[in-house]
Amino acid sequence: MTFKKLLLATALFTGVTVPALAADMTVGFSQIGSESGWRAAETSVSKTEAEKRGITLKIADAQQKQENQIKAIRSFIAQGVDAIFLAPVVATGWDAVLGEAKDAEIPVILLDRDIETKDPSLYLTAVTSDSVHEGEVAGKWLVDTVAGKACDVVELQGTVGASVATNRKEGFEKGIAGADNVKIIRSQTGEFTRTKGKEVMESFIKAENGGKGICALYAHNDDMALGAIQAIKEAGLKPGTDILVVSIDSVPDIFKAIAEGEANATVELTPNMAGPAFDALIAYKGGTEPPKWLQTESKLYTKDSNPEAQYEARKSLGY
Amino acid sequence: MSIVLPRKGSAQIGAFILILLINWLVSPQFFDLRLQDGRLFGSLVDVFNRGAPVMLLAMGMVLVIATRGIDLSVGAVMAISGAVAATLADSHSIVICLGAALGVGLLCGLWNGILVAVLRIQPIVATLILMVAGRGIAQLITEGRIVTFTSRDLAWFGGGSLFGVPAPVVLAVVALVVALALVRGTALGLMIEATGANAEASRLAGIDTRLMTVAVYMWCGFCASLAGVIVAADILGADANNAGLWLELDAILAVVIGGPSLFGGRFSLVLAVLGGLIIQAMNTGILLSGYPPELNLVIKATVVLVVLLLQTPRLIAFKDRLFRGTR
């Protein structure tokens, strides 16, 4: 198989001379689609991160379908790319196609989500955020902020059954464990949307004595928090003061709310998954095997982290 | 003379009152009312306020179903009109903004109506097209992001009030009164029912069934777009991915709870709207109850089943026989 040999030769060749040749690398990225603003931001950040390093990035949009992703990966293999990035739409069913990539000696890096496989050698590394940790950061922030005062928390969960929702709930509970003054008194799903977040918050406020019994709101994503902030305002309370607001994702609009004092903190789910992946890839081509899991930082932003500048930096990312 | 409950609708009215009472039991402050910034505030207000979009959708859907049709695209139409309204809100006057949003709804209805009445595509298939494509159109308008606006005029449609009554409720009531006047004040309702009962016979009797069909789909599109404007105004932004998602099913459910057969021929606007309120009363009750969210859908399904069972002819006949026996 001359083609395979050629690929092998290319792989070996790049293997020896890498750092200088990062500029000539071509990476194929099988992206899930553009179902959310975060996803759009991830795609646009991937492009800029590739440009920064002089890497050619080919993006294939799978429109939420695994078969499209498999097709894209096969076509990347046929094109003989130097590496494949995969944001898998589901966790299972990748063994065959990733086996083909392995045979062609093309390293695969998973972005944002993990896969389930018996053979971990099918991928080089996975760059993901730890959503349990995200919840924990939010919980710890709240414990530190209330500093021992009693605090009854209402929680807006994500979609029931979504792993992110389960993890962010678990993480928050971990974060507040040990602080007996912080208690979750009500928890309901806001389905990750502004409308539902607002509706559920309205009912929380009414059920808890017009909101007087609520000290803080924890929302599994910023959009629900933004909806809830309006509900708090319409009830005649001050979000950010009467009810503390902490949420996860760090979308641009939450920074506006933080700047106006209506939200207090947000934990970032960085859209920059490709950056660490490119670095790992370049290091790998230079001979350094990366760890199997690269955890992205879950950074906390408050009014002290210059929310206006954060908003400006994010608003054009496609969120 | 004693007060006689209308035979038609007693099941729905009973179910609504029962659900409100259950809500009151799980949450004792349920009937508390106060004014907050000149707007009525309380759980009961939430039922009507949050229920307004589905009430509007049900008003549109009930007439479509009366002609033996169905409109699956109402959720997508909400997303489109919300997207249009939010995009134009800050750059144009409220008249243009609202005109465009509602106009888009009418246009969507016209499209559905033509597919069904002129091209004779089955309604469920014809409107499925817009249900799928419509959300895509809305995403194109918003470029996939949540478009926010600051226009106070548009915000009124979600957060404003008239004499203390939240604007969405006012709009839903006005739409209902207008619809009732048009449909029951004239022969229009009869013609719609005739179209649904037997289109061919109605045509031979001189009813323009084609016009009737296109008109009800346009009315449905209009109601959906008004609901879309309300939802967008409520969160001060248009979320094309989620606005109106699955609400077509709630609208159909509301109509079904309201009694009419999906095979067309008869309808009740008021009961369809009541069906929407029953759904929302249940939702609000679940939220107030504090049960874990995993139970939401189970509770909802059980209540719907009970309400529908109350209306089945067999059960009604059984009940009548039982009462006759004891008398």
# chains A, B, ... in the order shown; residues from 1 in each chain; ligands from 1
$ interface_residues --of "chain B" --to "chain A" --cutoff "6 Å" --atoms "only C-alpha atoms" --output "list in words"
Arg145, Leu288 and Pro293 of chain B
$ residues_around --residues "segment 276-282 of chain B" --least-positions-apart "3" --cutoff "6 Å" --atoms "only C-alpha atoms" --output "PDB file with N, CA, C and O atoms, in the first residue's frame"
ATOM      1  N   PHE B  16     -59.941  22.394  36.326  1.00  0.00           N
ATOM      2  CA  PHE B  16     -59.155  23.610  36.560  1.00  0.00           C
ATOM      3  C   PHE B  16     -59.251  24.019  38.031  1.00  0.00           C
ATOM      4  O   PHE B  16     -58.243  24.287  38.689  1.00  0.00           O
ATOM      5  N   VAL B  47     -50.014  31.750  36.761  1.00  0.00           N
ATOM      6  CA  VAL B  47     -50.708  30.748  35.955  1.00  0.00           C
ATOM      7  C   VAL B  47     -51.228  31.395  34.675  1.00  0.00           C
ATOM      8  O   VAL B  47     -51.029  30.872  33.574  1.00  0.00           O
ATOM      9  N   GLY B  51     -49.280  31.157  31.201  1.00  0.00           N
ATOM     10  CA  GLY B  51     -50.132  30.370  30.331  1.00  0.00           C
ATOM     11  C   GLY B  51     -50.530  31.101  29.056  1.00  0.00           C
ATOM     12  O   GLY B  51     -51.014  30.473  28.111  1.00  0.00           O
ATOM     13  N   VAL B  54     -49.449  29.650  25.539  1.00  0.00           N
ATOM     14  CA  VAL B  54     -50.149  28.424  25.144  1.00  0.00           C
ATOM     15  C   VAL B  54     -51.643  28.704  24.921  1.00  0.00           C
ATOM     16  O   VAL B  54     -52.264  28.118  24.038  1.00  0.00           O
ATOM     17  N   MET B  55     -52.217  29.638  25.697  1.00  0.00           N
ATOM     18  CA  MET B  55     -53.613  30.023  25.456  1.00  0.00           C
ATOM     19  C   MET B  55     -53.770  30.554  24.035  1.00  0.00           C
ATOM     20  O   MET B  55     -54.707  30.196  23.316  1.00  0.00           O
ATOM     21  N   ALA B 254     -53.791  21.204  24.769  1.00  0.00           N
ATOM     22  CA  ALA B 254     -54.777  22.147  25.311  1.00  0.00           C
ATOM     23  C   ALA B 254     -56.100  21.992  24.576  1.00  0.00           C
ATOM     24  O   ALA B 254     -57.168  21.948  25.198  1.00  0.00           O
ATOM     25  N   VAL B 273     -58.849  27.382  25.369  1.00  0.00           N
ATOM     26  CA  VAL B 273     -58.062  28.307  26.182  1.00  0.00           C
ATOM     27  C   VAL B 273     -57.992  27.797  27.619  1.00  0.00           C
ATOM     28  O   VAL B 273     -56.936  27.825  28.269  1.00  0.00           O
ATOM     29  N   GLY B 285     -48.084  24.498  39.635  1.00  0.00           N
ATOM     30  CA  GLY B 285     -48.214  23.703  40.851  1.00  0.00           C
ATOM     31  C   GLY B 285     -47.003  22.815  41.084  1.00  0.00           C
ATOM     32  O   GLY B 285     -46.496  22.720  42.203  1.00  0.00           O
TER      33      GLY B 285
END
$ select_by_dssp --residues "segment 7-189 of chain A" --states "alpha helix (DSSP H)" --output "count of residues only"
85
$ residues_around --residues "segment 83-98 of chain A" --least-positions-apart "5" --cutoff "8 Å" --atoms "only C-alpha atoms" --output "VMD selection string"
chain A and resid 26 to 32 64 to 66 69 to 70 73 to 74 76 106 to 117 119 122 to 123 281
$ atom_distance --atom1 "atom CA of Gly159 of chain B" --atom2 "atom CA of Gly261 of chain A"
21.1 Å
$ atom_distance --atom1 "atom CA of Leu245 of chain B" --atom2 "atom CA of Ala76 of chain B"
7.3 Å
$ residues_around --residues "Trp246 of chain B" --least-positions-apart "3" --cutoff "8 Å" --atoms "only C-alpha atoms" --output "list in words"
Gly75, Leu249 and Asp250 of chain B
$ write_last_selection --atoms "N, CA, C and O atoms" --output "PDB file, in the first residue's frame"
ATOM      1  N   GLY B  75     -44.705  26.296  17.114  1.00  0.00           N
ATOM      2  CA  GLY B  75     -43.520  26.559  17.923  1.00  0.00           C
ATOM      3  C   GLY B  75     -42.435  27.248  17.110  1.00  0.00           C
ATOM      4  O   GLY B  75     -41.814  28.209  17.560  1.00  0.00           O
ATOM      5  N   LEU B 249     -46.990  20.848  20.836  1.00  0.00           N
ATOM      6  CA  LEU B 249     -47.612  19.703  21.494  1.00  0.00           C
ATOM      7  C   LEU B 249     -48.501  20.153  22.653  1.00  0.00           C
ATOM      8  O   LEU B 249     -49.594  19.633  22.851  1.00  0.00           O
ATOM      9  N   ASP B 250     -48.027  21.152  23.417  1.00  0.00           N
ATOM     10  CA  ASP B 250     -48.862  21.701  24.484  1.00  0.00           C
ATOM     11  C   ASP B 250     -50.145  22.295  23.905  1.00  0.00           C
ATOM     12  O   ASP B 250     -51.213  22.171  24.500  1.00  0.00           O
TER      13      ASP B 250
END
$ closest_residue --among "A:Thr145, A:Ser163, A:Asn264, A:Thr43" --to "Ser247 of chain A" --atoms "only C-alpha atoms"
A:Asn264
$ select_by_dssp --residues "segment 4-158 of chain B" --states "strand (DSSP E)" --output "list in words"
Arg34, Leu35, Gln36, Arg39, Leu40, Phe41, Val147 and Thr148 of chain B
$ closest_residue --among "A:Ala162, A:Ile55, A:Ala177, A:Ala274" --to "Val127 of chain A" --atoms "only C-alpha atoms"
A:Ala274
$ residues_around --residues "Ala133 of chain B" --least-positions-apart "2" --cutoff "12 Å" --atoms "only C-alpha atoms" --output "list in words"
Leu72, Ser73, Val74, Gly75, Ala76, Val77, Ala79, Ile80, Cys108, Ala126, Thr127, Leu128, Ile129, Leu130, Met131, Arg135, Gly136, Ile137, Ala138, Gln139 and Leu140 of chain B
$ write_last_selection --atoms "N, CA and C atoms" --output "compact mmCIF listing (two decimals), in the first residue's frame"
# COMPACT_ATOMS: atom_id res chain seq x y z
N LEU B 72 -48.38 21.83 13.13
CA LEU B 72 -47.22 21.49 13.95
C LEU B 72 -46.18 22.60 13.99
N SER B 73 -46.40 23.65 13.18
CA SER B 73 -45.33 24.64 13.02
C SER B 73 -45.42 25.79 14.00
N VAL B 74 -46.42 25.79 14.90
CA VAL B 74 -46.61 26.99 15.73
C VAL B 74 -45.39 27.32 16.59
N GLY B 75 -44.71 26.30 17.11
CA GLY B 75 -43.52 26.56 17.92
C GLY B 75 -42.44 27.25 17.11
N ALA B 76 -42.25 26.77 15.89
CA ALA B 76 -41.24 27.36 15.02
C ALA B 76 -41.63 28.78 14.61
N VAL B 77 -42.93 28.99 14.38
CA VAL B 77 -43.39 30.34 14.02
C VAL B 77 -43.14 31.30 15.18
N ALA B 79 -40.70 31.10 17.25
CA ALA B 79 -39.26 31.40 17.22
C ALA B 79 -38.94 32.44 16.15
N ILE B 80 -39.59 32.29 14.96
CA ILE B 80 -39.31 33.24 13.88
C ILE B 80 -39.77 34.64 14.27
N CYS B 108 -46.43 32.85 7.41
CA CYS B 108 -46.21 31.42 7.68
C CYS B 108 -47.53 30.67 7.60
N ALA B 126 -47.71 18.82 5.79
CA ALA B 126 -47.52 20.18 5.29
C ALA B 126 -46.91 21.07 6.36
N THR B 127 -47.42 20.96 7.59
CA THR B 127 -46.94 21.86 8.63
C THR B 127 -45.65 21.36 9.27
N LEU B 128 -45.37 20.07 9.07
CA LEU B 128 -44.10 19.52 9.55
C LEU B 128 -42.93 20.23 8.85
N ILE B 129 -43.17 20.60 7.58
CA ILE B 129 -42.11 21.26 6.81
C ILE B 129 -41.67 22.53 7.51
N LEU B 130 -42.66 23.35 7.87
CA LEU B 130 -42.32 24.62 8.51
C LEU B 130 -41.82 24.40 9.94
N MET B 131 -42.30 23.34 10.58
CA MET B 131 -41.84 23.05 11.94
C MET B 131 -40.33 22.83 11.94
N ARG B 135 -37.50 26.70 12.47
CA ARG B 135 -36.50 26.94 13.51
C ARG B 135 -35.16 27.32 12.87
N GLY B 136 -34.87 26.69 11.72
CA GLY B 136 -33.67 27.04 10.99
C GLY B 136 -33.71 28.49 10.52
N ILE B 137 -34.88 28.91 10.03
CA ILE B 137 -35.04 30.30 9.58
C ILE B 137 -34.80 31.24 10.76
N ALA B 138 -35.38 30.89 11.90
CA ALA B 138 -35.21 31.73 13.09
C ALA B 138 -33.73 31.81 13.48
N GLN B 139 -33.03 30.67 13.36
CA GLN B 139 -31.61 30.68 13.71
C GLN B 139 -30.80 31.50 12.72
N LEU B 140 -31.25 31.50 11.45
CA LEU B 140 -30.57 32.34 10.46
C LEU B 140 -30.73 33.81 10.84
$ residues_around --residues "Pro168 of chain B" --least-positions-apart "4" --cutoff "7 Å" --atoms "only C-alpha atoms" --output "list in words"
Asn49, Ala52, Phe157, Gly158, Ala172 and Ile230 of chain B
$ write_last_selection --atoms "N, CA and C atoms" --output "short mmCIF file (atom, residue, chain, number, x, y, z; two decimals), in the first residue's frame"
data_model
loop_
_atom_site.label_atom_id
_atom_site.label_comp_id
_atom_site.auth_asym_id
_atom_site.auth_seq_id
_atom_site.Cartn_x
_atom_site.Cartn_y
_atom_site.Cartn_z
N ASN B 49 -50.32 34.44 33.43
CA ASN B 49 -49.26 35.12 32.70
C ASN B 49 -48.41 34.12 31.91
N ALA B 52 -50.31 32.43 29.02
CA ALA B 52 -50.77 33.22 27.88
C ALA B 52 -50.27 32.69 26.53
N PHE B 157 -44.76 44.06 26.07
CA PHE B 157 -45.56 42.90 25.70
C PHE B 157 -45.28 41.69 26.60
N GLY B 158 -44.17 41.71 27.31
CA GLY B 158 -43.88 40.62 28.23
C GLY B 158 -44.03 41.05 29.68
N ALA B 172 -53.93 38.01 25.46
CA ALA B 172 -54.63 36.74 25.23
C ALA B 172 -56.14 36.96 25.32
N ILE B 230 -44.55 37.73 22.72
CA ILE B 230 -44.67 37.76 24.19
C ILE B 230 -43.48 37.05 24.85
#
$ atom_distance --atom1 "atom CA of Tyr301 of chain A" --atom2 "atom CA of Ala265 of chain A"
5.6 Å
$ residues_around --residues "Ile114 of chain B" --least-positions-apart "6" --cutoff "12 Å" --atoms "only C-alpha atoms" --output "number ranges by chain"
B: 107-108, 120-123, 126-127, 210-218
$ write_last_selection --atoms "all heavy atoms" --output "short mmCIF file (atom, residue, chain, number, x, y, z; two decimals), in the first residue's frame"
data_model
loop_
_atom_site.label_atom_id
_atom_site.label_comp_id
_atom_site.auth_asym_id
_atom_site.auth_seq_id
_atom_site.Cartn_x
_atom_site.Cartn_y
_atom_site.Cartn_z
N LEU B 107 -47.77 35.28 7.26
CA LEU B 107 -47.15 34.72 6.06
C LEU B 107 -46.90 33.22 6.23
O LEU B 107 -47.16 32.42 5.31
CB LEU B 107 -45.82 35.44 5.82
CG LEU B 107 -45.39 35.66 4.38
CD1 LEU B 107 -46.42 36.50 3.65
CD2 LEU B 107 -44.02 36.31 4.34
N CYS B 108 -46.43 32.85 7.41
CA CYS B 108 -46.21 31.42 7.68
C CYS B 108 -47.53 30.67 7.60
O CYS B 108 -47.60 29.57 7.04
CB CYS B 108 -45.60 31.22 9.08
SG CYS B 108 -43.91 31.78 9.20
N ARG B 120 -53.22 20.46 -1.42
CA ARG B 120 -53.84 19.25 -0.85
C ARG B 120 -52.83 18.31 -0.20
O ARG B 120 -52.94 17.09 -0.31
CB ARG B 120 -54.61 18.48 -1.91
CG ARG B 120 -55.63 19.30 -2.62
CD ARG B 120 -57.02 18.90 -2.20
NE ARG B 120 -57.96 19.94 -2.62
CZ ARG B 120 -58.95 20.36 -1.88
NH1 ARG B 120 -59.12 19.86 -0.68
NH2 ARG B 120 -59.76 21.29 -2.31
N ILE B 121 -51.81 18.87 0.42
CA ILE B 121 -50.89 18.03 1.20
C ILE B 121 -51.53 17.80 2.56
O ILE B 121 -52.17 18.70 3.10
CB ILE B 121 -49.52 18.73 1.36
CG1 ILE B 121 -48.92 19.02 -0.02
CG2 ILE B 121 -48.56 17.87 2.19
CD1 ILE B 121 -47.63 19.80 0.03
N GLN B 122 -51.38 16.60 3.11
CA GLN B 122 -51.97 16.34 4.42
C GLN B 122 -51.41 17.32 5.45
O GLN B 122 -50.21 17.55 5.49
CB GLN B 122 -51.64 14.91 4.86
CG GLN B 122 -52.48 13.89 4.15
CD GLN B 122 -52.17 12.50 4.63
OE1 GLN B 122 -51.14 12.27 5.26
NE2 GLN B 122 -53.05 11.57 4.33
N PRO B 123 -52.29 17.88 6.29
CA PRO B 123 -51.87 18.94 7.22
C PRO B 123 -50.66 18.57 8.07
O PRO B 123 -49.77 19.38 8.28
CB PRO B 123 -53.10 19.15 8.09
CG PRO B 123 -54.25 18.71 7.26
CD PRO B 123 -53.74 17.62 6.37
N ALA B 126 -47.71 18.82 5.79
CA ALA B 126 -47.52 20.18 5.29
C ALA B 126 -46.91 21.07 6.36
O ALA B 126 -45.98 21.84 6.10
CB ALA B 126 -48.85 20.74 4.81
N THR B 127 -47.42 20.96 7.59
CA THR B 127 -46.94 21.86 8.63
C THR B 127 -45.65 21.36 9.27
O THR B 127 -44.92 22.13 9.89
CB THR B 127 -48.00 22.06 9.72
OG1 THR B 127 -48.38 20.78 10.24
CG2 THR B 127 -49.22 22.75 9.17
N ARG B 210 -61.82 26.34 0.65
CA ARG B 210 -60.41 26.66 0.45
C ARG B 210 -60.04 27.92 1.22
O ARG B 210 -59.07 27.95 1.97
CB ARG B 210 -60.16 26.87 -1.04
CG ARG B 210 -58.84 26.33 -1.50
CD ARG B 210 -58.68 26.60 -2.94
NE ARG B 210 -58.78 25.38 -3.72
CZ ARG B 210 -58.52 25.33 -5.03
NH1 ARG B 210 -58.22 26.44 -5.68
NH2 ARG B 210 -58.59 24.20 -5.66
N LEU B 211 -60.88 28.93 1.06
CA LEU B 211 -60.66 30.20 1.76
C LEU B 211 -60.71 29.98 3.27
O LEU B 211 -59.88 30.50 4.02
CB LEU B 211 -61.72 31.22 1.32
CG LEU B 211 -61.56 32.60 1.95
CD1 LEU B 211 -60.35 33.30 1.36
CD2 LEU B 211 -62.82 33.43 1.74
N MET B 212 -61.70 29.17 3.71
CA MET B 212 -61.84 28.88 5.14
C MET B 212 -60.54 28.27 5.68
O MET B 212 -60.02 28.68 6.72
CB MET B 212 -62.97 27.86 5.37
CG MET B 212 -64.36 28.45 5.36
SD MET B 212 -64.49 29.70 6.60
CE MET B 212 -65.27 30.96 5.65
N THR B 213 -60.03 27.28 4.96
CA THR B 213 -58.83 26.58 5.41
C THR B 213 -57.63 27.52 5.48
O THR B 213 -56.92 27.57 6.49
CB THR B 213 -58.53 25.38 4.49
OG1 THR B 213 -59.74 24.66 4.30
CG2 THR B 213 -57.49 24.48 5.08
N VAL B 214 -57.43 28.28 4.39
CA VAL B 214 -56.29 29.21 4.41
C VAL B 214 -56.45 30.20 5.55
O VAL B 214 -55.49 30.51 6.26
CB VAL B 214 -56.18 29.95 3.05
CG1 VAL B 214 -55.08 31.00 3.11
CG2 VAL B 214 -55.87 28.96 1.94
N ALA B 215 -57.68 30.67 5.75
CA ALA B 215 -57.91 31.67 6.80
C ALA B 215 -57.58 31.13 8.19
O ALA B 215 -56.96 31.82 8.99
CB ALA B 215 -59.37 32.14 6.75
N VAL B 216 -57.98 29.89 8.48
CA VAL B 216 -57.70 29.39 9.84
C VAL B 216 -56.20 29.17 10.05
O VAL B 216 -55.69 29.43 11.14
CB VAL B 216 -58.48 28.09 10.20
CG1 VAL B 216 -59.96 28.37 10.32
CG2 VAL B 216 -58.19 26.96 9.25
N TYR B 217 -55.49 28.74 9.01
CA TYR B 217 -54.05 28.59 9.18
C TYR B 217 -53.38 29.94 9.39
O TYR B 217 -52.41 30.07 10.15
CB TYR B 217 -53.41 27.84 8.00
CG TYR B 217 -53.59 26.34 8.11
CD1 TYR B 217 -54.64 25.70 7.48
CD2 TYR B 217 -52.72 25.58 8.88
CE1 TYR B 217 -54.82 24.33 7.59
CE2 TYR B 217 -52.89 24.22 9.01
CZ TYR B 217 -53.95 23.59 8.36
OH TYR B 217 -54.12 22.25 8.50
N MET B 218 -53.90 30.98 8.70
CA MET B 218 -53.33 32.31 8.88
C MET B 218 -53.61 32.82 10.29
O MET B 218 -52.76 33.43 10.93
CB MET B 218 -53.87 33.28 7.83
CG MET B 218 -53.24 33.04 6.47
SD MET B 218 -53.85 34.18 5.21
CE MET B 218 -52.99 35.68 5.65
#
